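Asks: Sharing a structure, written as structure tokens. Questions coming.
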Amino acid sequence: ACWKTYLGRPEASFDRCNALGTIGGALRLNACFDDALLVYEASVATLQRWLPNDESFALRAKNNMASCYSNMGLHDQAVRLQREIHTRGVALYGVSDETVLVCSGCLGISLLACGRFVEAQTFLREQVPLIRSRYGSDHNTTLKSVQALAASLSDDPASTRENRLEAKRLMQDVVERRVRVYGRTHPTTRESERFLSRCA
């Protein structure tokens, strides 16, 4: 329905470009990652062709591509693309830009998926204060980033007792905030509680 509504718009129409992103998101939610990736690639090409002076939309579409790579288990490719997005975004908009910060959280999670725990720790320690400053401590983007930092501390095979204790403290705060904001039965709250139970 989304595509049928906007298909007749000019190719340079923002609504038409946005419809591509919506379709890609729906395909990802239904685990059709190969198809979603094709749609996001078309979206990036369209945005670069018709909106070359505002790269923020293309950067977001590329971040969606990177998320597809992660969903497909292609974590190294996700990291490479997210590094490119982050570097370009910082150069264009600064470290506190919304698109840059969302990509920062995704890059931290991708580094974890690649087993690059120390790199993830260093990067997320830099990014979490920026994300918290922009969104506040209770925002889902902040909580996901803090949980990723906790995972980088606790899941590292070389983790020290101090690292694990720090991870536990971080996750206790995350769980308390999720219970207050989302409720005890929300899926993200339960996920965070399960992670906290693993932190010793």
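By convention here, the chains of the structure tokens are called A, B, ... in the order presented, each chain's residues are numbered starting at 1, and ligands are numbered starting at 1 in the order presented.
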Please, which residues in region 35-101 of chain A fall within 8 Å of region 109-126 of chain A when counting only C-alpha atoms, and what is the closest atom pair and distance in Å to one decimal for each, ordered by chain then residue number, as a Markdown table?

Replies:
```
| residue | atom | partner | partner_atom | distance |
| --- | --- | --- | --- | --- |
| A:Ser70 | CA | A:Ser110 | CA | 7.1 |
| A:His75 | CA | A:Cys114 | CA | 6.0 |
| A:Asp76 | CA | A:Cys114 | CA | 6.6 |
| A:Ala78 | CA | A:Ser110 | CA | 6.7 |
| A:Val79 | CA | A:Ser110 | CA | 5.9 |
```

Asks: Restrict the selected residues to N, CA and C atoms and save them as a compact mmCIF listing (two decimals), in the first residue's frame.

Replies:
```txt
# COMPACT_ATOMS: atom_id res chain seq x y z
N SER A 70 24.20 -7.08 9.44
CA SER A 70 24.26 -7.70 10.77
C SER A 70 23.21 -8.81 10.89
N HIS A 75 28.88 -9.47 9.89
CA HIS A 75 29.20 -8.43 10.86
C HIS A 75 30.40 -7.59 10.44
N ASP A 76 31.39 -8.20 9.79
CA ASP A 76 32.54 -7.42 9.33
C ASP A 76 32.12 -6.37 8.30
N ALA A 78 29.16 -5.07 8.09
CA ALA A 78 28.40 -4.06 8.84
C ALA A 78 29.34 -3.06 9.49
N VAL A 79 30.40 -3.55 10.11
CA VAL A 79 31.36 -2.66 10.78
C VAL A 79 32.01 -1.72 9.78
```

Asks: Show me, as a list in words, the residues that have an atom within 12 Å of Leu38 (chain A) when counting only C-alpha atoms, minus same-chain residues fewer than 6 positions from it.

Replies: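 Selected residues are Leu20, Gly21, Ile23, Gly24, Gly25, Leu27, Arg28, Cys32, Val44, Ala45, Ala61, Lys62, Asn64, Met65, Cys68 and Tyr69 of chain A.
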
Asks: Those same residues - C-alpha atoms - I'd like them written as a compact mmCIF listing (two decimals), in the first residue's frame.

Replies:
```
# COMPACT_ATOMS: atom_id res chain seq x y z
CA LEU A 20 11.47 2.90 -0.17
CA GLY A 21 12.81 3.14 3.37
CA ILE A 23 9.31 -0.94 2.52
CA GLY A 24 12.87 -1.90 3.49
CA GLY A 25 11.94 -1.66 7.15
CA LEU A 27 10.98 -6.49 4.87
CA ARG A 28 13.58 -6.46 7.67
CA CYS A 32 13.42 -10.85 4.38
CA VAL A 44 20.68 5.08 -1.26
CA ALA A 45 21.18 5.37 -5.02
CA ALA A 61 19.67 4.47 4.50
CA LYS A 62 23.25 3.17 4.59
CA ASN A 64 19.83 0.42 7.49
CA MET A 65 21.96 -1.48 4.97
CA CYS A 68 20.78 -5.84 7.21
CA TYR A 69 24.36 -7.09 7.01
```

Asks: Write out as JSON, numbers by chain the residues lying within 7 Å of Val175 (chain A), counting only C-alpha atoms and excluding same-chain residues fewer than 4 positions away.

Replies: {"A": [171, 179, 189, 192, 193]}

Asks: Taking C-alpha atoms for each residue, export the selection above as a compact mmCIF listing (two decimals), in the first residue's frame.

Replies:
```txt
# COMPACT_ATOMS: atom_id res chain seq x y z
CA MET A 171 22.82 -3.24 33.86
CA VAL A 179 10.98 -1.12 34.43
CA THR A 189 12.89 -5.08 29.99
CA SER A 192 17.81 -6.60 30.00
CA GLU A 193 16.85 -8.61 33.11
```

Asks: Determine, counting only C-alpha atoms, which protein, DNA and RNA residues have an atom within 12 Å of an atom of Arg194 (chain A); residues of the same chain fewer than 2 positions away are not included. Present the result as a list of chain:residue names.

Replies: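 Counting only C-alpha atoms, the residues come to A:Gln147, A:Lys168, A:Met171, A:Gln172, A:Val174, A:Val175, A:Pro187, A:Thr188, A:Thr189, A:Arg190, A:Glu191, A:Ser192, A:Leu196, A:Ser197, A:Arg198, A:Cys199.
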
Asks: Between CA of Glu55 (chain A) and CA of Val39 (chain A), what is the spacing in Å?

Replies: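 Taking CA of Val39 (chain A) as the start and CA of Glu55 (chain A) as the end point, the length is 17.9 Å.
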
Asks: Quick one: residues within 10 Å of Val146 (chain A), only C-alpha atoms counted, chain neighbours fewer than 4 positions away excluded, as a list of chain:residue names?

Replies: A:Gly105, A:Leu124, A:Arg125, A:Gln127, A:Val128, A:Pro129, A:Ile131, A:Arg132, A:Ser137, A:Asn140, A:Thr141, A:Thr142, A:Ala150, A:Ala151, A:Ser152, A:Ala167, A:Leu170, A:Met171, A:Asp173, A:Val174

Asks: For a test of reading the model, state the distance in Å between CA of Thr22 (chain A) and CA of Leu81 (chain A), rounded to one decimal.

Replies: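 Computing the Euclidean distance for CA of Thr22 (chain A) and CA of Leu81 (chain A) yields 20.7 Å.
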